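Novice: Here you go, this is work.pdb (PDB, C-alpha atoms (C1' of nucleotides)).
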```
ATOM      1  CA  MET A   1       7.789 -59.435  41.598
ATOM      2  CA  ASP A   2       9.421 -58.028  44.705
ATOM      3  CA  SER A   3      13.106 -57.278  45.171
ATOM      4  CA  PHE A   4      13.813 -60.574  46.914
ATOM      5  CA  ALA A   5      12.332 -62.725  44.191
ATOM      6  CA  ALA A   6      14.054 -60.549  41.612
ATOM      7  CA  LEU A   7      17.411 -61.234  43.228
ATOM      8  CA  ALA A   8      16.764 -64.954  43.480
ATOM      9  CA  ASP A   9      17.800 -65.513  39.876
ATOM     10  CA  PRO A  10      21.560 -65.763  39.226
ATOM     11  CA  VAL A  11      21.209 -64.282  35.747
ATOM     12  CA  ARG A  12      19.494 -61.218  37.154
ATOM     13  CA  ARG A  13      22.217 -60.842  39.760
ATOM     14  CA  ALA A  14      24.806 -61.020  36.994
ATOM     15  CA  LEU A  15      22.915 -58.360  35.057
ATOM     16  CA  LEU A  16      22.902 -56.117  38.092
ATOM     17  CA  ARG A  17      26.624 -56.624  38.628
ATOM     18  CA  ARG A  18      27.174 -55.706  35.016
ATOM     19  CA  LEU A  19      25.014 -52.609  35.298
ATOM     20  CA  ALA A  20      26.947 -51.594  38.376
ATOM     21  CA  GLU A  21      29.872 -51.022  36.000
ATOM     22  CA  GLY A  22      27.801 -48.703  33.841
ATOM     23  CA  PRO A  23      24.646 -48.435  31.709
ATOM     24  CA  ALA A  24      24.035 -50.851  28.868
ATOM     25  CA  ARG A  25      21.535 -51.709  26.151
ATOM     26  CA  VAL A  26      19.605 -54.943  25.908
ATOM     27  CA  VAL A  27      21.679 -56.195  22.981
ATOM     28  CA  ASP A  28      24.879 -55.596  24.900
ATOM     29  CA  LEU A  29      23.634 -57.513  27.900
ATOM     30  CA  ALA A  30      22.381 -60.350  25.722
ATOM     31  CA  ALA A  31      25.776 -60.563  24.037
ATOM     32  CA  GLU A  32      27.507 -60.850  27.389
ATOM     33  CA  HIS A  33      25.244 -63.563  28.749
ATOM     34  CA  PRO A  34      24.347 -67.005  27.454
ATOM     35  CA  ILE A  35      20.651 -66.312  26.980
ATOM     36  CA  SER A  36      18.560 -64.834  24.221
ATOM     37  CA  ARG A  37      17.669 -61.168  23.932
ATOM     38  CA  PRO A  38      13.983 -61.640  24.817
ATOM     39  CA  ALA A  39      15.070 -63.459  27.955
ATOM     40  CA  VAL A  40      17.234 -60.495  28.910
ATOM     41  CA  SER A  41      14.329 -58.206  28.151
ATOM     42  CA  LYS A  42      12.083 -60.119  30.510
ATOM     43  CA  HIS A  43      14.700 -60.087  33.243
ATOM     44  CA  LEU A  44      15.064 -56.351  32.857
ATOM     45  CA  ARG A  45      11.337 -55.924  33.170
ATOM     46  CA  VAL A  46      11.368 -57.854  36.421
ATOM     47  CA  LEU A  47      14.284 -55.811  37.705
ATOM     48  CA  GLY A  48      12.493 -52.625  36.707
ATOM     49  CA  GLU A  49       9.338 -53.621  38.588
ATOM     50  CA  ALA A  50      11.493 -54.298  41.609
ATOM     51  CA  GLY A  51      12.990 -50.827  41.332
ATOM     52  CA  LEU A  52      16.452 -52.238  40.755
ATOM     53  CA  VAL A  53      17.022 -50.798  37.291
ATOM     54  CA  SER A  54      15.739 -47.786  35.414
ATOM     55  CA  ALA A  55      15.746 -47.134  31.682
ATOM     56  CA  ALA A  56      16.267 -44.092  29.521
ATOM     57  CA  ASP A  57      15.171 -44.056  25.892
ATOM     58  CA  GLN A  58      17.612 -42.633  23.392
ATOM     59  CA  GLY A  59      16.100 -42.904  19.961
ATOM     60  CA  ARG A  60      15.579 -46.562  19.215
ATOM     61  CA  GLU A  61      17.962 -47.547  21.960
ATOM     62  CA  ARG A  62      17.058 -47.975  25.591
ATOM     63  CA  HIS A  63      19.794 -47.532  28.111
ATOM     64  CA  TYR A  64      19.358 -49.443  31.326
ATOM     65  CA  ARG A  65      21.168 -48.539  34.476
ATOM     66  CA  LEU A  66      21.355 -49.840  38.007
ATOM     67  CA  ASP A  67      18.974 -48.222  40.467
ATOM     68  CA  ARG A  68      20.289 -48.775  43.951
ATOM     69  CA  THR A  69      17.129 -47.544  45.630
ATOM     70  CA  GLY A  70      15.640 -50.945  44.865
ATOM     71  CA  LEU A  71      18.075 -52.438  47.339
ATOM     72  CA  GLU A  72      16.395 -50.708  50.238
ATOM     73  CA  PRO A  73      14.070 -53.651  51.084
ATOM     74  CA  LEU A  74      17.144 -55.842  51.291
ATOM     75  CA  THR A  75      19.012 -53.656  53.708
ATOM     76  CA  ALA A  76      15.812 -53.130  55.681
ATOM     77  CA  PHE A  77      15.349 -56.881  55.997
ATOM     78  CA  LEU A  78      18.923 -57.348  57.074
ATOM     79  CA  GLY A  79      18.228 -54.711  59.684
ATOM     80  CA  GLU A  80      15.239 -56.687  60.950
ATOM     81  CA  LEU A  81      17.426 -59.717  61.318
ATOM     82  CA  ALA A  82      19.906 -57.837  63.444
ATOM     83  CA  ALA A  83      20.027 -58.938  67.042
ATOM     84  CA  PRO A  84      17.481 -56.991  69.166
ATOM     85  CA  ALA A  85      19.719 -55.056  71.569
ATOM     86  CA  PRO A  86      23.172 -56.538  71.895
ATOM     87  CA  PRO A  87      25.644 -54.350  73.767
ATOM     88  CA  VAL A  88      28.296 -55.665  71.402
ATOM     89  CA  PRO A  89      27.074 -56.252  67.830
ATOM     90  CA  GLU A  90      28.296 -59.351  66.071
ATOM     91  CA  ARG A  91      30.681 -59.366  63.161
ATOM     92  CA  ALA A  92      27.964 -60.009  60.575
ATOM     93  CA  LEU A  93      26.240 -56.845  61.658
ATOM     94  CA  ASP A  94      29.403 -54.844  61.321
ATOM     95  CA  GLY A  95      29.554 -55.881  57.719
ATOM     96  CA  LEU A  96      25.930 -54.936  57.168
ATOM     97  CA  GLU A  97      26.367 -51.510  58.649
ATOM     98  CA  LEU A  98      29.405 -50.895  56.530
ATOM     99  CA  GLU A  99      27.447 -51.917  53.486
ATOM    100  CA  VAL A 100      24.576 -49.555  54.135
ATOM    101  CA  ARG A 101      26.970 -46.653  54.528
ATOM    102  CA  ARG A 102      28.777 -47.556  51.362
ATOM    103  CA  THR A 103      25.699 -47.753  49.133
ATOM    104  CA  GLY A 104      24.555 -44.397  50.393
ATOM    105  CA  ARG A 105      27.872 -42.730  49.767
ATOM    106  CA  ASP A 106      27.942 -42.958  45.974
ATOM    107  CA  ARG A 107      25.214 -40.336  45.756
ATOM    108  CA  ARG A 108      28.135 -38.033  46.580
ATOM    109  CA  ALA A 109      26.342 -36.302  49.428
ATOM    110  CA  THR A 110      27.323 -37.985  52.643
ATOM    111  CA  ALA A 111      25.458 -35.520  54.760
ATOM    112  CA  ARG A 112      21.992 -36.383  53.446
ATOM    113  CA  SER A 113      22.394 -40.104  53.281
ATOM    114  CA  THR A 114      18.679 -40.957  53.268
ATOM    115  CA  ASP A 115      17.555 -38.730  50.413
ATOM    116  CA  HIS A 116      18.109 -41.365  47.801
ATOM    117  CA  ILE A 117      15.256 -43.505  49.058
ATOM    118  CA  ASN A 118      12.580 -41.408  47.389
ATOM    119  CA  ASP A 119      14.403 -39.580  44.680
ATOM    120  CA  GLU A 120      12.575 -41.102  41.739
ATOM    121  CA  GLU A 121       8.980 -41.640  40.812
ATOM    122  CA  THR A 122       7.499 -45.121  40.906
ATOM    123  CA  ALA A 123       7.770 -46.976  37.603
TER
ATOM    124  CA  MET B   1      19.030 -73.734  47.148
ATOM    125  CA  ASP B   2      21.226 -70.708  47.663
ATOM    126  CA  SER B   3      20.684 -67.883  50.120
ATOM    127  CA  PHE B   4      19.063 -65.623  47.552
ATOM    128  CA  ALA B   5      16.486 -68.148  46.448
ATOM    129  CA  ALA B   6      15.881 -69.032  50.081
ATOM    130  CA  LEU B   7      15.041 -65.416  50.866
ATOM    131  CA  ALA B   8      12.750 -65.092  47.874
ATOM    132  CA  ASP B   9       9.866 -66.683  49.753
ATOM    133  CA  PRO B  10       7.905 -64.381  52.090
ATOM    134  CA  VAL B  11       7.086 -67.230  54.460
ATOM    135  CA  ARG B  12      10.768 -68.022  54.851
ATOM    136  CA  ARG B  13      11.544 -64.385  55.512
ATOM    137  CA  ALA B  14       8.841 -64.360  58.168
ATOM    138  CA  LEU B  15      10.337 -67.473  59.723
ATOM    139  CA  LEU B  16      13.738 -65.827  59.823
ATOM    140  CA  ARG B  17      12.291 -62.702  61.436
ATOM    141  CA  ARG B  18      10.637 -64.897  64.010
ATOM    142  CA  LEU B  19      13.853 -66.810  64.688
ATOM    143  CA  ALA B  20      15.669 -63.510  65.070
ATOM    144  CA  GLU B  21      13.627 -63.109  68.274
ATOM    145  CA  GLY B  22      14.799 -66.462  69.591
ATOM    146  CA  PRO B  23      14.925 -70.213  68.904
ATOM    147  CA  ALA B  24      11.751 -72.161  68.220
ATOM    148  CA  ARG B  25      10.485 -75.632  67.406
ATOM    149  CA  VAL B  26       8.723 -76.638  64.230
ATOM    150  CA  VAL B  27       5.344 -76.915  65.948
ATOM    151  CA  ASP B  28       5.699 -73.425  67.363
ATOM    152  CA  LEU B  29       6.521 -71.957  63.983
ATOM    153  CA  ALA B  30       3.679 -73.854  62.329
ATOM    154  CA  ALA B  31       1.263 -72.522  64.945
ATOM    155  CA  GLU B  32       2.359 -68.968  64.242
ATOM    156  CA  HIS B  33       2.033 -69.214  60.477
ATOM    157  CA  PRO B  34      -0.888 -70.167  58.247
ATOM    158  CA  ILE B  35       0.711 -73.246  56.758
ATOM    159  CA  SER B  36       0.965 -76.865  57.788
ATOM    160  CA  ARG B  37       3.776 -78.327  59.861
ATOM    161  CA  PRO B  38       5.340 -80.267  56.959
ATOM    162  CA  ALA B  39       5.436 -77.070  54.950
ATOM    163  CA  VAL B  40       7.333 -75.367  57.758
ATOM    164  CA  SER B  41       9.618 -78.353  57.932
ATOM    165  CA  LYS B  42      10.453 -78.048  54.262
ATOM    166  CA  HIS B  43      11.081 -74.338  54.568
ATOM    167  CA  LEU B  44      13.430 -74.968  57.456
ATOM    168  CA  ARG B  45      15.300 -77.489  55.404
ATOM    169  CA  VAL B  46      15.783 -74.950  52.638
ATOM    170  CA  LEU B  47      16.922 -72.352  55.152
ATOM    171  CA  GLY B  48      19.301 -74.857  56.665
ATOM    172  CA  GLU B  49      20.861 -75.671  53.299
ATOM    173  CA  ALA B  50      21.336 -71.971  52.743
ATOM    174  CA  GLY B  51      23.117 -71.705  56.062
ATOM    175  CA  LEU B  52      20.499 -69.354  57.438
ATOM    176  CA  VAL B  53      19.300 -71.535  60.300
ATOM    177  CA  SER B  54      20.838 -74.249  62.429
ATOM    178  CA  ALA B  55      19.156 -76.882  64.561
ATOM    179  CA  ALA B  56      19.889 -78.470  67.900
ATOM    180  CA  ASP B  57      18.224 -81.701  68.965
ATOM    181  CA  GLN B  58      16.907 -81.882  72.512
ATOM    182  CA  GLY B  59      15.256 -85.205  73.051
ATOM    183  CA  ARG B  60      12.405 -85.497  70.622
ATOM    184  CA  GLU B  61      12.378 -81.763  70.071
ATOM    185  CA  ARG B  62      14.493 -79.885  67.568
ATOM    186  CA  HIS B  63      15.284 -76.285  68.306
ATOM    187  CA  TYR B  64      15.927 -74.094  65.307
ATOM    188  CA  ARG B  65      17.767 -70.841  65.551
ATOM    189  CA  LEU B  66      18.811 -68.105  63.171
ATOM    190  CA  ASP B  67      22.308 -68.450  61.748
ATOM    191  CA  ARG B  68      23.460 -65.031  60.587
ATOM    192  CA  THR B  69      26.534 -66.357  58.811
ATOM    193  CA  GLY B  70      24.191 -67.394  56.013
ATOM    194  CA  LEU B  71      23.657 -63.712  55.298
ATOM    195  CA  GLU B  72      27.212 -63.278  54.148
ATOM    196  CA  PRO B  73      26.463 -63.875  50.426
ATOM    197  CA  LEU B  74      23.868 -61.134  50.688
ATOM    198  CA  THR B  75      26.197 -58.537  52.109
ATOM    199  CA  ALA B  76      28.876 -59.615  49.662
ATOM    200  CA  PHE B  77      26.521 -59.064  46.764
ATOM    201  CA  LEU B  78      25.547 -55.654  48.071
ATOM    202  CA  GLY B  79      29.226 -54.893  48.185
ATOM    203  CA  GLU B  80      29.621 -55.867  44.543
ATOM    204  CA  LEU B  81      26.814 -53.509  43.649
ATOM    205  CA  ALA B  82      28.427 -50.582  45.405
ATOM    206  CA  ALA B  83      29.687 -48.036  42.951
ATOM    207  CA  PRO B  84      33.413 -48.412  42.310
ATOM    208  CA  ALA B  85      35.162 -45.324  43.650
ATOM    209  CA  PRO B  86      34.918 -42.837  40.815
ATOM    210  CA  PRO B  87      38.444 -41.915  39.675
ATOM    211  CA  VAL B  88      37.629 -38.215  39.512
ATOM    212  CA  PRO B  89      34.411 -37.178  41.183
ATOM    213  CA  GLU B  90      32.585 -34.215  39.699
ATOM    214  CA  ARG B  91      32.670 -32.114  42.824
ATOM    215  CA  ALA B  92      36.392 -32.513  43.142
ATOM    216  CA  LEU B  93      36.826 -31.161  39.629
ATOM    217  CA  ASP B  94      34.628 -28.188  40.367
ATOM    218  CA  GLY B  95      36.667 -27.462  43.434
ATOM    219  CA  LEU B  96      39.901 -27.890  41.543
ATOM    220  CA  GLU B  97      38.865 -25.448  38.873
ATOM    221  CA  LEU B  98      37.870 -22.917  41.458
ATOM    222  CA  GLU B  99      41.142 -23.503  43.218
ATOM    223  CA  VAL B 100      43.205 -22.929  40.102
ATOM    224  CA  ARG B 101      41.497 -19.646  39.361
ATOM    225  CA  ARG B 102      41.810 -18.397  42.900
ATOM    226  CA  THR B 103      45.405 -19.436  43.301
ATOM    227  CA  GLY B 104      46.362 -17.556  40.205
ATOM    228  CA  ARG B 105      44.595 -14.447  41.380
ATOM    229  CA  ASP B 106      45.125 -14.229  45.104
ATOM    230  CA  ARG B 107      46.982 -16.763  47.172
ATOM    231  CA  ARG B 108      45.991 -15.572  50.605
ATOM    232  CA  ALA B 109      42.242 -15.881  50.176
ATOM    233  CA  THR B 110      42.622 -19.504  49.165
ATOM    234  CA  ALA B 111      43.176 -21.069  52.544
ATOM    235  CA  ARG B 112      39.867 -20.014  53.986
ATOM    236  CA  SER B 113      37.572 -20.363  50.996
ATOM    237  CA  THR B 114      38.605 -23.843  49.929
ATOM    238  CA  ASP B 115      37.905 -25.558  53.202
ATOM    239  CA  HIS B 116      34.765 -27.101  51.775
ATOM    240  CA  ILE B 117      36.728 -29.276  49.379
ATOM    241  CA  ASN B 118      37.716 -31.680  52.094
ATOM    242  CA  ASP B 119      34.838 -31.360  54.472
ATOM    243  CA  GLU B 120      33.320 -34.649  53.351
ATOM    244  CA  GLU B 121      35.914 -36.605  55.271
ATOM    245  CA  THR B 122      34.777 -35.264  58.589
ATOM    246  CA  ALA B 123      31.493 -37.189  58.545
TER
ATOM    247  C1'  DA C   1      12.053 -44.819   0.208
ATOM    248  C1'  DC C   2      14.204 -48.998   1.848
ATOM    249  C1'  DT C   3      16.735 -51.738   4.889
ATOM    250  C1'  DA C   4      19.024 -52.855   9.153
ATOM    251  C1'  DT C   5      19.000 -52.488  14.014
ATOM    252  C1'  DT C   6      16.936 -52.318  18.451
ATOM    253  C1'  DA C   7      13.476 -53.748  21.699
ATOM    254  C1'  DG C   8       9.197 -55.489  23.376
ATOM    255  C1'  DT C   9       5.302 -59.038  23.258
ATOM    256  C1'  DA C  10       2.900 -63.496  22.301
ATOM    257  C1'  DA C  11       2.555 -68.253  22.602
ATOM    258  C1'  DC C  12       4.471 -72.240  24.033
ATOM    259  C1'  DT C  13       7.346 -75.842  26.718
ATOM    260  C1'  DC C  14       9.663 -77.762  30.635
ATOM    261  C1'  DA C  15      11.292 -77.693  35.340
ATOM    262  C1'  DT C  16      10.793 -76.111  39.889
ATOM    263  C1'  DT C  17       8.346 -74.771  43.912
ATOM    264  C1'  DG C  18       5.138 -74.459  47.586
ATOM    265  C1'  DG C  19       1.352 -76.452  49.410
ATOM    266  C1'  DT C  20      -1.456 -80.482  50.832
ATOM    267  C1'  DT C  21      -2.535 -85.327  53.183
ATOM    268  C1'  DA C  22      -0.880 -89.698  54.690
ATOM    269  C1'  DC C  23       2.594 -92.218  56.791
ATOM    270  C1'  DC C  24       6.740 -93.544  59.692
ATOM    271  C1'  DA C  25      10.412 -93.082  63.484
ATOM    272  C1'  DA C  26      11.704 -91.599  67.830
ATOM    273  C1'  DT C  27      11.141 -89.789  72.347
ATOM    274  C1'  DA C  28       8.485 -88.451  76.588
ATOM    275  C1'  DC C  29       4.948 -89.630  79.871
ATOM    276  C1'  DG C  30       0.708 -91.714  82.151
TER
ATOM    277  C1'  DC D   1       3.815-100.941  78.435
ATOM    278  C1'  DG D   2       0.758 -98.069  75.604
ATOM    279  C1'  DT D   3      -0.126 -93.516  73.963
ATOM    280  C1'  DA D   4       0.552 -88.884  72.795
ATOM    281  C1'  DT D   5       3.811 -85.574  70.932
ATOM    282  C1'  DT D   6       7.278 -84.131  67.804
ATOM    283  C1'  DG D   7       9.326 -84.011  63.317
ATOM    284  C1'  DG D   8      10.827 -85.725  58.925
ATOM    285  C1'  DT D   9       9.615 -88.008  54.354
ATOM    286  C1'  DA D  10       6.724 -89.632  50.372
ATOM    287  C1'  DA D  11       3.522 -88.884  46.896
ATOM    288  C1'  DC D  12       0.925 -85.899  44.679
ATOM    289  C1'  DC D  13      -1.092 -81.367  42.610
ATOM    290  C1'  DA D  14      -1.536 -76.514  41.056
ATOM    291  C1'  DA D  15       0.925 -72.463  40.056
ATOM    292  C1'  DT D  16       4.877 -70.015  38.683
ATOM    293  C1'  DG D  17       9.180 -69.144  36.264
ATOM    294  C1'  DA D  18      12.713 -69.116  32.903
ATOM    295  C1'  DG D  19      13.767 -70.170  28.525
ATOM    296  C1'  DT D  20      12.803 -70.609  23.495
ATOM    297  C1'  DT D  21      11.082 -69.019  18.534
ATOM    298  C1'  DA D  22       8.187 -66.045  15.850
ATOM    299  C1'  DC D  23       6.184 -61.697  15.234
ATOM    300  C1'  DT D  24       5.503 -56.522  15.466
ATOM    301  C1'  DA D  25       6.822 -51.541  16.166
ATOM    302  C1'  DA D  26       9.872 -47.883  15.921
ATOM    303  C1'  DT D  27      14.008 -45.478  14.736
ATOM    304  C1'  DA D  28      18.693 -44.840  12.123
ATOM    305  C1'  DG D  29      21.232 -44.765   8.180
ATOM    306  C1'  DT D  30      22.135 -45.083   3.203
TER
END
```
Please express what this file holds, its structure, as structure tokens.

Specialist:
Amino acid sequence: MDSFAALADPVRRALLRRLAEGPARVVDLAAEHPISRPAVSKHLRVLGEAGLVSAADQGRERHYRLDRTGLEPLTAFLGELAAPAPPVPERALDGLELEVRRTGRDRRATARSTDHINDEETA
Amino acid sequence: MDSFAALADPVRRALLRRLAEGPARVVDLAAEHPISRPAVSKHLRVLGEAGLVSAADQGRERHYRLDRTGLEPLTAFLGELAAPAPPVPERALDGLELEVRRTGRDRRATARSTDHINDEETA
DNA sequence: ACTATTAGTAACTCATTGGTTACCAATACG
DNA sequence: CGTATTGGTAACCAATGAGTTACTAATAGT
């Protein structure tokens, strides 16, 4: 399932918002959302395939965390939808540009803002 | 159907990319894509409900065009997924520690050698 | 060694979606 | 007029998706 389809589900978006606050285990996420644990597990698998989350095993626990590299297709698509060559970009595009800069900044190296695209192996 | 679900379909994304180039009628879009005209019509309806396209009637023709305001939920969501500004970034701490040691030892050397602490703001 | 906890998978159900063909309404045009 | 063009809707079908319960595997803790 690609990033777009992965983001189509409101539960998965909620999970991502939650993971943006910090890593969590499956049981935690299931406790915070009105669905069963296997359902959360399946959502996390989808998000993992889309490159939106990554997991780290710690003993019997598995800690999931947000992987922002999976958002690249989204920002790329928004870029494609930008007006071809307007001398004065529209307001929506201003917001988009701001957003791209902001997601890149949290890697704490503003200078190399494109490194994060390939910084992890494919799942 | 919300914006996210609307963008989950690759055909709809292709339609939006096409409309980013300029307005088009249903027959045009159907000719450019490997699906029937009613299918295009249904996709356009979904995109319209999501606020991603708007239509203008001209006689018996209906001209669809991209409506970028429908992208706002997308950019908003990306904003929610941006890392909250870390209260105390690691690098700042490293710099602070260095600073403390140097200040205690030699005050004059400090001015020059700590320039890098703030150089991120210049980007 | 035994039990509780954590997490994934299997099998199933139900609803939704994306596509089709057939049909209808409205406008342009000879 | 009558006809072709344009576009939406209806009815239907196959595939997919999101959820459930039940089961299994592995690790932690006593």

Novice: What do you get, as an NGL selection string, if you spell out every residue that the PyMOL selection byres ((chain D and resi 15-20) around 10) selects here?

Specialist: (:A and (9 or 35-36 or 38-39 or 42-43)) or (:C and (12-18)) or (:D and (13-14 or 21))

Novice: Counting all atoms listed in the file, which residues of chain D come no farther than 8 Å from chain B, as a PyMOL selection string?

Specialist: chain D and resi 6-8

Novice: Smallest atom-to-atom distance to C:DA28: which of B:Gln58, B:Leu81, B:Leu7, B:Ala76, using all atoms listed in the file?

Specialist: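 Using all atoms listed in the file, the shortest distance to C:DA28 belongs to B:Gln58.
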
Novice: Mind checking which residues fall within 10 Å of A:Pro84, counting only C-alpha atoms (C1' of nucleotides), ignoring those fewer than 6 positions away in the same chain, and posting them as a list in words?

Specialist: Ala20, Glu21 and Gly22 of chain B

Novice: Using all atoms listed in the file, which protein or nucleic acid residues come within 12 Å of D:DT3? Drop anything in the same chain fewer than 4 positions from it, and give the result as a ChimeraX atom specification.

Specialist: /C:27-30

Novice: Quick one: of C:DC2, C:DA25, C:DT20, C:DG8, who's nearest to chain A, counting all atoms listed in the file?

Specialist: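 Nearest candidate to chain A out of C:DC2, C:DA25, C:DT20, C:DG8: C:DG8.
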
Novice: Please report the interatomic distance between atom CA of B:Leu47 and atom CA of B:Phe4 in Å with one decimal.

Specialist: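 Atom-to-atom, atom CA of B:Leu47 to atom CA of B:Phe4, that is 10.4 Å.
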
Novice: What do you get, as number ranges by chain, if you spell out every residue that the PyMOL selection byres ((chain B) within 8 of (chain A)) selects here?

Specialist: B: 4-9, 16-17, 20-21, 68-69, 71-72, 75, 78-85, 120, 123

Novice: I need the output of the PyMOL selection byres ((chain D and resi 10) around 12) for this file as a PyMOL selection string; which residues are they?

Specialist: (chain B and resi 38) or (chain C and resi 21-24) or (chain D and resi 8-9+11-12)

Novice: Using 5 Å of padding on each side, determine the axis-aligned box around all atoms of stretch 19-28 of chain C present in the file and give its centre and edge lengths in Å to one decimal, as lines of an AutoDock Vina configuration file.

Specialist:
```
center_x = 4.6
center_y = -85.0
center_z = 63.0
size_x = 24.2
size_y = 27.1
size_z = 37.2
```

Novice: Residues of chain C within 12 Å of chain A, counting all atoms listed in the file - could you list those as a VMD selection string?

Specialist: chain C and resid 5 to 10

Novice: Using all atoms listed in the file, give me every residue within 8 Å of (16.5, -46.0, 12.1) in file coordinates, as a compact mmCIF listing (two decimals) with C-alpha atoms (C1' of nucleotides), in the coordinates of the input.

Specialist:
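Dumped to part_7.txt:
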```txt
# COMPACT_ATOMS: atom_id res chain seq x y z
CA ARG A 60 15.58 -46.56 19.22
C1' DA C 4 19.02 -52.86 9.15
C1' DT C 5 19.00 -52.49 14.01
C1' DA D 26 9.87 -47.88 15.92
C1' DT D 27 14.01 -45.48 14.74
C1' DA D 28 18.69 -44.84 12.12
C1' DG D 29 21.23 -44.76 8.18
```

Novice: Tell me, in Å to one decimal, how far atom CA of B:Ala50 is from atom CA of A:Ala14.

Specialist: 19.5 Å

Novice: Anything within 7 Å of (13.6, -52.8, 31.4): list those residues as a ChimeraX atom specification, counting all atoms listed in the file and sticking to the file's coordinates.

Specialist: /A:41,44-45,48,54-55,64

Novice: Any idea what the distance is between atom CA of A:Glu32 and atom CA of A:Pro73?

Specialist: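 Going from atom CA of A:Glu32 over to atom CA of A:Pro73 covers 28.2 Å.
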
Novice: Under the rule that all atoms listed in the file are counted, which of A:Gly70, A:Leu29, A:His63, A:Pro34 is the nearest residue to A:Gly51?

Specialist: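 With all atoms listed in the file as the atom set, the closest residue is A:Gly70.
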